[in-house]
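**Q** Just one file: protein.cif, with mmCIF, C-alpha atoms.
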```
data_data
#
loop_
_atom_site.group_PDB
_atom_site.id
_atom_site.type_symbol
_atom_site.label_atom_id
_atom_site.label_comp_id
_atom_site.auth_asym_id
_atom_site.auth_seq_id
_atom_site.Cartn_x
_atom_site.Cartn_y
_atom_site.Cartn_z
ATOM 1 C CA MET A 1 25.125 21.504 21.291
ATOM 2 C CA ASP A 2 23.390 18.460 22.801
ATOM 3 C CA GLY A 3 26.077 18.158 25.514
ATOM 4 C CA LEU A 4 25.768 21.741 26.760
ATOM 5 C CA GLU A 5 24.104 22.269 30.134
ATOM 6 C CA ILE A 6 22.414 25.417 31.416
ATOM 7 C CA LYS A 7 20.893 26.451 34.726
ATOM 8 C CA GLY A 8 18.496 29.027 33.329
ATOM 9 C CA ASP A 9 20.096 32.022 34.990
ATOM 10 C CA GLU A 10 22.530 32.685 32.146
ATOM 11 C CA ALA A 11 22.446 36.193 30.679
ATOM 12 C CA THR A 12 21.552 34.993 27.176
ATOM 13 C CA ILE A 13 18.619 32.921 28.451
ATOM 14 C CA LYS A 14 17.326 35.847 30.504
ATOM 15 C CA ALA A 15 17.706 38.176 27.517
ATOM 16 C CA LEU A 16 15.721 35.751 25.356
ATOM 17 C CA ALA A 17 12.956 35.626 27.959
ATOM 18 C CA ASP A 18 12.826 39.421 28.344
ATOM 19 C CA PHE A 19 12.709 39.911 24.578
ATOM 20 C CA SER A 20 9.967 37.301 24.230
ATOM 21 C CA LYS A 21 7.804 38.898 26.900
ATOM 22 C CA ARG A 22 8.183 42.344 25.338
ATOM 23 C CA ASN A 23 7.198 40.972 21.935
ATOM 24 C CA ALA A 24 4.697 38.335 23.020
ATOM 25 C CA THR A 25 1.992 39.641 20.665
ATOM 26 C CA HIS A 26 4.263 39.515 17.622
ATOM 27 C CA ILE A 27 5.560 36.059 18.527
ATOM 28 C CA LYS A 28 1.990 34.822 18.817
ATOM 29 C CA GLY A 29 1.172 36.214 15.384
ATOM 30 C CA ILE A 30 4.284 34.868 13.664
ATOM 31 C CA LEU A 31 4.910 31.536 15.398
ATOM 32 C CA ASN A 32 1.484 30.947 16.964
ATOM 33 C CA LEU A 33 3.422 30.581 20.210
ATOM 34 C CA THR A 34 1.922 31.909 23.433
ATOM 35 C CA ILE A 35 4.458 33.495 25.781
ATOM 36 C CA LEU A 36 3.162 33.587 29.352
ATOM 37 C CA LEU A 37 4.519 36.632 31.127
ATOM 38 C CA ASP A 38 4.780 34.946 34.518
ATOM 39 C CA GLU A 39 6.791 31.949 33.298
ATOM 40 C CA SER A 40 10.513 31.385 33.828
ATOM 41 C CA PRO A 41 13.240 31.895 31.211
ATOM 42 C CA VAL A 42 13.760 28.120 31.009
ATOM 43 C CA TRP A 43 10.068 27.529 30.313
ATOM 44 C CA ILE A 44 10.126 30.136 27.535
ATOM 45 C CA LEU A 45 13.230 28.523 26.035
ATOM 46 C CA SER A 46 11.511 25.138 26.145
ATOM 47 C CA GLN A 47 8.597 26.492 24.085
ATOM 48 C CA TYR A 48 10.937 27.582 21.313
ATOM 49 C CA LEU A 49 12.641 24.195 21.392
ATOM 50 C CA LEU A 50 9.280 22.446 21.071
ATOM 51 C CA GLN A 51 8.730 24.395 17.858
ATOM 52 C CA LEU A 52 11.867 22.651 16.557
ATOM 53 C CA GLY A 53 10.817 19.234 17.815
ATOM 54 C CA LEU A 54 13.321 19.345 20.672
ATOM 55 C CA SER A 55 12.932 18.909 24.411
ATOM 56 C CA MET A 56 15.129 19.171 27.494
ATOM 57 C CA LYS A 57 16.083 16.839 30.304
ATOM 58 C CA SER A 58 17.267 17.943 33.712
ATOM 59 C CA ARG A 59 19.338 16.699 36.609
ATOM 60 C CA ARG A 60 19.679 18.004 40.174
ATOM 61 C CA PRO A 61 23.116 17.397 41.662
ATOM 62 C CA VAL A 62 24.030 18.653 45.133
ATOM 63 C CA GLU A 63 26.433 21.590 45.130
ATOM 64 C CA ASP A 64 27.545 23.266 48.356
ATOM 65 C CA GLY A 65 24.812 21.447 50.220
ATOM 66 C CA LYS A 66 22.082 22.585 47.838
ATOM 67 C CA ARG A 67 20.434 20.953 44.868
ATOM 68 C CA VAL A 68 20.981 22.777 41.607
ATOM 69 C CA ARG A 69 18.982 21.971 38.486
ATOM 70 C CA TYR A 70 20.802 21.695 35.168
ATOM 71 C CA TYR A 71 19.084 21.418 31.799
ATOM 72 C CA ARG A 72 20.337 19.914 28.568
ATOM 73 C CA LEU A 73 18.829 18.930 25.244
ATOM 74 C CA ASN A 74 17.294 15.483 24.951
ATOM 75 C CA THR A 75 19.927 13.581 22.960
ATOM 76 C CA GLU A 76 17.296 11.386 21.290
ATOM 77 C CA ASP A 77 15.512 14.477 19.964
ATOM 78 C CA VAL A 78 18.793 15.924 18.722
ATOM 79 C CA ALA A 79 19.685 12.685 16.935
ATOM 80 C CA PHE A 80 16.275 12.584 15.259
ATOM 81 C CA ALA A 81 16.501 16.259 14.261
ATOM 82 C CA ARG A 82 19.876 15.602 12.655
ATOM 83 C CA GLN A 83 18.405 12.691 10.714
ATOM 84 C CA VAL A 84 15.586 14.928 9.478
ATOM 85 C CA LEU A 85 18.025 17.662 8.458
ATOM 86 C CA GLY A 86 20.193 15.104 6.671
ATOM 87 C CA TYR A 87 17.159 13.710 4.862
ATOM 88 C CA ARG A 88 16.068 17.184 3.759
ATOM 89 C CA GLN A 89 19.583 17.951 2.552
ATOM 90 C CA ARG A 90 19.588 14.756 0.481
ATOM 91 C CA LEU A 91 16.219 15.726 -0.989
ATOM 92 C CA ARG A 92 17.597 19.122 -2.025
ATOM 93 C CA GLU A 93 20.693 17.517 -3.527
ATOM 94 C CA ASP A 94 18.595 14.930 -5.400
ATOM 95 C CA ARG A 95 16.326 17.647 -6.791
ATOM 96 C CA GLU A 96 19.304 19.700 -7.904
ATOM 97 C CA ARG A 97 20.912 16.664 -9.549
ATOM 98 C CA ARG A 98 17.694 15.863 -11.422
ATOM 99 C CA ARG A 99 17.358 19.482 -12.548
ATOM 100 C CA GLN A 100 20.962 19.482 -13.762
ATOM 101 C CA GLU A 101 20.418 16.237 -15.675
ATOM 102 C CA GLU A 102 17.250 17.649 -17.239
ATOM 103 C CA ARG A 103 19.051 20.871 -18.198
ATOM 104 C CA GLU A 104 21.787 18.839 -19.868
ATOM 105 C CA GLN A 105 19.248 16.660 -21.693
ATOM 106 C CA GLN A 106 17.351 19.739 -22.798
ATOM 107 C CA ALA A 107 20.524 21.406 -24.068
ATOM 108 C CA ALA A 108 21.493 18.273 -25.998
ATOM 109 C CA TYR A 109 17.994 17.992 -27.444
ATOM 110 C CA ALA A 110 17.930 21.662 -28.453
ATOM 111 C CA ALA A 111 21.315 21.296 -30.148
ATOM 112 C CA ARG A 112 20.068 18.235 -32.000
ATOM 113 C CA MET A 113 16.901 19.980 -33.167
ATOM 114 C CA GLN A 114 18.932 22.966 -34.326
ATOM 115 C CA SER A 115 21.382 20.742 -36.182
ATOM 116 C CA MET A 116 18.786 18.481 -37.815
ATOM 117 C CA TYR A 117 15.895 20.854 -38.459
ATOM 118 C CA GLY A 118 17.231 24.362 -37.979
ATOM 119 C CA ILE A 119 14.732 25.102 -35.195
ATOM 120 C CA ASN A 120 15.023 26.181 -31.596
ATOM 121 C CA ALA A 121 13.073 24.004 -29.184
ATOM 122 C CA PRO A 122 11.418 25.956 -26.340
ATOM 123 C CA SER A 123 12.534 25.746 -22.736
ATOM 124 C CA THR A 124 10.874 22.917 -20.844
ATOM 125 C CA PRO A 125 9.351 22.804 -18.302
ATOM 126 C CA PRO A 126 7.620 25.982 -19.496
ATOM 127 C CA VAL A 127 8.041 29.243 -17.632
ATOM 128 C CA ASN A 128 4.326 29.585 -16.972
ATOM 129 C CA ILE A 129 4.201 26.602 -14.602
ATOM 130 C CA ILE A 130 5.313 28.631 -11.590
ATOM 131 C CA GLY A 131 6.353 31.965 -13.037
ATOM 132 C CA ASP A 132 9.882 30.786 -13.809
ATOM 133 C CA ASN A 133 11.522 27.457 -14.529
ATOM 134 C CA ASN A 134 13.935 27.532 -11.596
ATOM 135 C CA CYS A 135 11.923 24.804 -9.941
ATOM 136 C CA GLY A 136 12.381 23.943 -6.334
ATOM 137 C CA GLY A 137 9.555 22.928 -4.070
ATOM 138 C CA LEU A 138 9.616 22.788 -0.294
ATOM 139 C CA ASP A 139 10.949 19.773 1.541
ATOM 140 C CA GLY A 140 8.375 17.032 1.558
ATOM 141 C CA GLN A 141 6.257 18.753 -1.089
ATOM 142 C CA ILE A 142 5.879 18.002 -4.778
ATOM 143 C CA ASP A 143 8.282 19.839 -7.051
ATOM 144 C CA PRO A 144 6.123 21.447 -9.804
ATOM 145 C CA CYS A 145 8.770 20.630 -12.417
ATOM 146 C CA ASP A 146 8.780 16.960 -11.429
ATOM 147 C CA SER A 147 4.987 16.910 -11.582
ATOM 148 C CA TRP A 148 5.017 18.505 -15.051
ATOM 149 C CA TRP A 149 7.568 16.014 -16.373
ATOM 150 C CA ARG A 150 5.649 13.045 -14.995
ATOM 151 C CA GLN A 151 2.515 14.280 -16.724
ATOM 152 C CA VAL A 152 4.339 14.873 -20.013
ATOM 153 C CA LYS A 153 5.940 11.422 -19.889
ATOM 154 C CA SER A 154 2.507 9.877 -19.406
ATOM 155 C CA TYR A 155 1.362 11.804 -22.504
ATOM 156 C CA ALA A 156 4.406 10.460 -24.355
ATOM 157 C CA THR A 157 3.373 6.901 -23.484
ATOM 158 C CA LEU A 158 -0.092 7.548 -24.920
ATOM 159 C CA ALA A 159 1.416 9.110 -28.035
ATOM 160 C CA MET A 160 3.697 6.113 -28.600
ATOM 161 C CA GLU A 161 0.713 3.779 -28.320
ATOM 162 C CA ARG A 162 -0.984 5.767 -31.100
ATOM 163 C CA ILE A 163 1.972 5.486 -33.475
ATOM 164 C CA ALA A 164 0.819 1.977 -34.386
ATOM 165 C CA HIS A 165 -2.465 3.513 -35.605
ATOM 166 C CA GLY A 166 -0.730 6.012 -37.875
ATOM 167 C CA VAL A 167 0.695 9.503 -37.712
ATOM 168 C CA ASP A 168 -2.742 11.100 -37.996
ATOM 169 C CA SER A 169 -3.693 9.466 -34.708
ATOM 170 C CA VAL A 170 -0.563 10.892 -33.098
ATOM 171 C CA LYS A 171 -1.254 14.343 -34.513
ATOM 172 C CA GLN A 172 -4.843 14.226 -33.293
ATOM 173 C CA PHE A 173 -3.642 13.419 -29.794
ATOM 174 C CA LEU A 174 -0.944 16.117 -29.799
ATOM 175 C CA ASN A 175 -3.533 18.695 -30.839
ATOM 176 C CA THR A 176 -5.197 18.221 -27.446
ATOM 177 C CA LEU A 177 -2.020 19.410 -25.683
ATOM 178 C CA SER A 178 -0.384 22.786 -25.252
ATOM 179 C CA SER A 179 2.642 23.707 -27.355
ATOM 180 C CA ASP A 180 4.989 23.213 -24.397
ATOM 181 C CA GLU A 181 3.488 19.808 -23.691
ATOM 182 C CA ARG A 182 3.878 18.780 -27.349
ATOM 183 C CA TRP A 183 7.560 19.645 -27.264
ATOM 184 C CA GLY A 184 7.895 17.816 -23.967
ATOM 185 C CA VAL A 185 6.212 14.732 -25.447
ATOM 186 C CA MET A 186 8.600 14.700 -28.408
ATOM 187 C CA MET A 187 11.564 15.070 -26.062
ATOM 188 C CA ALA A 188 10.268 12.201 -23.934
ATOM 189 C CA ILE A 189 9.747 9.944 -26.964
ATOM 190 C CA ASP A 190 13.244 10.765 -28.213
ATOM 191 C CA GLU A 191 14.644 9.917 -24.781
ATOM 192 C CA GLN A 192 12.614 6.767 -24.097
ATOM 193 C CA ALA A 193 12.342 5.299 -27.608
ATOM 194 C CA PRO A 194 14.877 6.906 -29.969
ATOM 195 C CA VAL A 195 14.258 4.362 -32.746
ATOM 196 C CA MET A 196 10.525 5.043 -32.653
ATOM 197 C CA PHE A 197 11.255 8.770 -32.660
ATOM 198 C CA GLU A 198 13.435 8.441 -35.772
ATOM 199 C CA GLN A 199 10.720 6.437 -37.527
ATOM 200 C CA LEU A 200 8.102 9.026 -36.618
ATOM 201 C CA VAL A 201 10.071 12.027 -37.870
ATOM 202 C CA ALA A 202 11.018 10.092 -41.012
ATOM 203 C CA GLU A 203 7.322 9.602 -41.786
ATOM 204 C CA VAL A 204 6.499 13.217 -40.968
ATOM 205 C CA PRO A 205 9.473 15.422 -41.944
ATOM 206 C CA ASP A 206 7.477 18.566 -41.191
ATOM 207 C CA TRP A 207 6.461 17.371 -37.721
ATOM 208 C CA VAL A 208 7.786 20.598 -36.216
ATOM 209 C CA LEU A 209 4.708 22.314 -37.637
ATOM 210 C CA TRP A 210 2.657 20.278 -35.157
ATOM 211 C CA MET A 211 4.440 21.985 -32.282
ATOM 212 C CA GLY A 212 2.978 25.440 -32.884
#
```
Mind turning the file's structure into structure tokens?

**A**
Amino acid sequence: MDGLEIKGDEATIKALADFSKRNATHIKGILNLTILLDESPVWILSQYLLQLGLSMKSRRPVEDGKRVRYYRLNTEDVAFARQVLGYRQRLREDRERRRQEEREQQAAYAARMQSMYGINAPSTPPVNIIGDNNCGGLDGQIDPCDSWWRQVKSYATLAMERIAHGVDSVKQFLNTLSSDERWGVMMAIDEQAPVMFEQLVAEVPDWVLWMG
């Protein structure tokens, strides 16, 4: 792509320019891009490229005694764009890997709760965070699931600090949280400090009643 050269008189470039001029109002509304009706096809193409963070360079060799201008993409811009795309792809893959790990941890935790206490732990993060729990988040923006888990893990740290003051202190703290957050806190304690979790549930066999 970055090695391709155009002169600006190609049929596809002209078709793009004609389409853009016919739909200039819509393009302005959708892309906030102003298409000037008296500009050349190459200029119009360059405006679309700028929207993508790309620019063009030109050269003017002599052909048949005349100078002809050729345009091509700026290779530095293309290299940077590829780096950005690669970075965004890695972000998506990292988010998917974290979600898969959390799903596996949740499944293992639910199986453990069912085996030990005969109860079904709710899905976490809860559905009501974003309307479903198929979390995503746009590139460069905070994933709502990640944000929820970070908050719950901070609650778990506070809960573990209260264990030294007795189970009533833990219960009092958990009562300030939602049911989903309470389950999340217990999952986080089980994950981060399994020995402490075992001691807690041994002291309070009916701890599941706190989750309601």

**Q** Could you give me the axis-aligned bounding box of region 21-27 of chain A, with 8 Å of padding per side, as centre plus edge lengths in Å to one decimal, as JSON?

**A**
```
{"center_x": 5.1, "center_y": 39.2, "center_z": 22.3, "size_x": 22.2, "size_y": 22.3, "size_z": 25.3}
```

**Q** Figure out the distance between CA of Val167 (chain A) and CA of Val208 (chain A), please, to one decimal in Å.

**A** 13.3 Å

**Q** Rounded to one decimal place, report the CA of Ser179 (chain A)-CA of Met211 (chain A) distance in Å.

**A**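 The value is 5.5 Å.
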
**Q** Would you mind telling me which residue in A:Trp43, A:Trp149, A:Leu37, A:Gln199 lies nearest to Arg98 (chain A) when using all atoms listed in the file?

**A** A:Trp149

**Q** Looking at A:Lys171, A:Arg59, A:Lys7, A:Lys14, which one is nearest to Asp206 (chain A), with distances taken over only C-alpha atoms?

**A** A:Lys171

**Q** Could you check how far CA of Arg90 (chain A) sits from CA of Glu102 (chain A), in Å to one decimal?

**A**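 Rounded to one decimal, the two atoms are 18.1 Å apart.
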
**Q** Env of Ala156 (chain A): 8 Å cut, atoms = only C-alpha atoms, seq-sep filter 4 positions within chain, self excluded. Answer as a PDB file with C-alpha atoms, in the frame of the given file.

**A**
```pdb
ATOM      1  CA  VAL A 152       4.339  14.873 -20.013  1.00  0.00           C
ATOM      2  CA  MET A 160       3.697   6.113 -28.600  1.00  0.00           C
ATOM      3  CA  VAL A 185       6.212  14.732 -25.447  1.00  0.00           C
ATOM      4  CA  MET A 186       8.600  14.700 -28.408  1.00  0.00           C
ATOM      5  CA  ALA A 188      10.268  12.201 -23.934  1.00  0.00           C
ATOM      6  CA  ILE A 189       9.747   9.944 -26.964  1.00  0.00           C
TER       7      ILE A 189
END
```

**Q** Take the PyMOL selection byres ((chain A and resi 64-73) around 8), run it mentally on this structure, and tell me the resulting residues as an MDAnalysis selection string.

**A** chainID A and resid 1:8 54:63 74:75 77:78
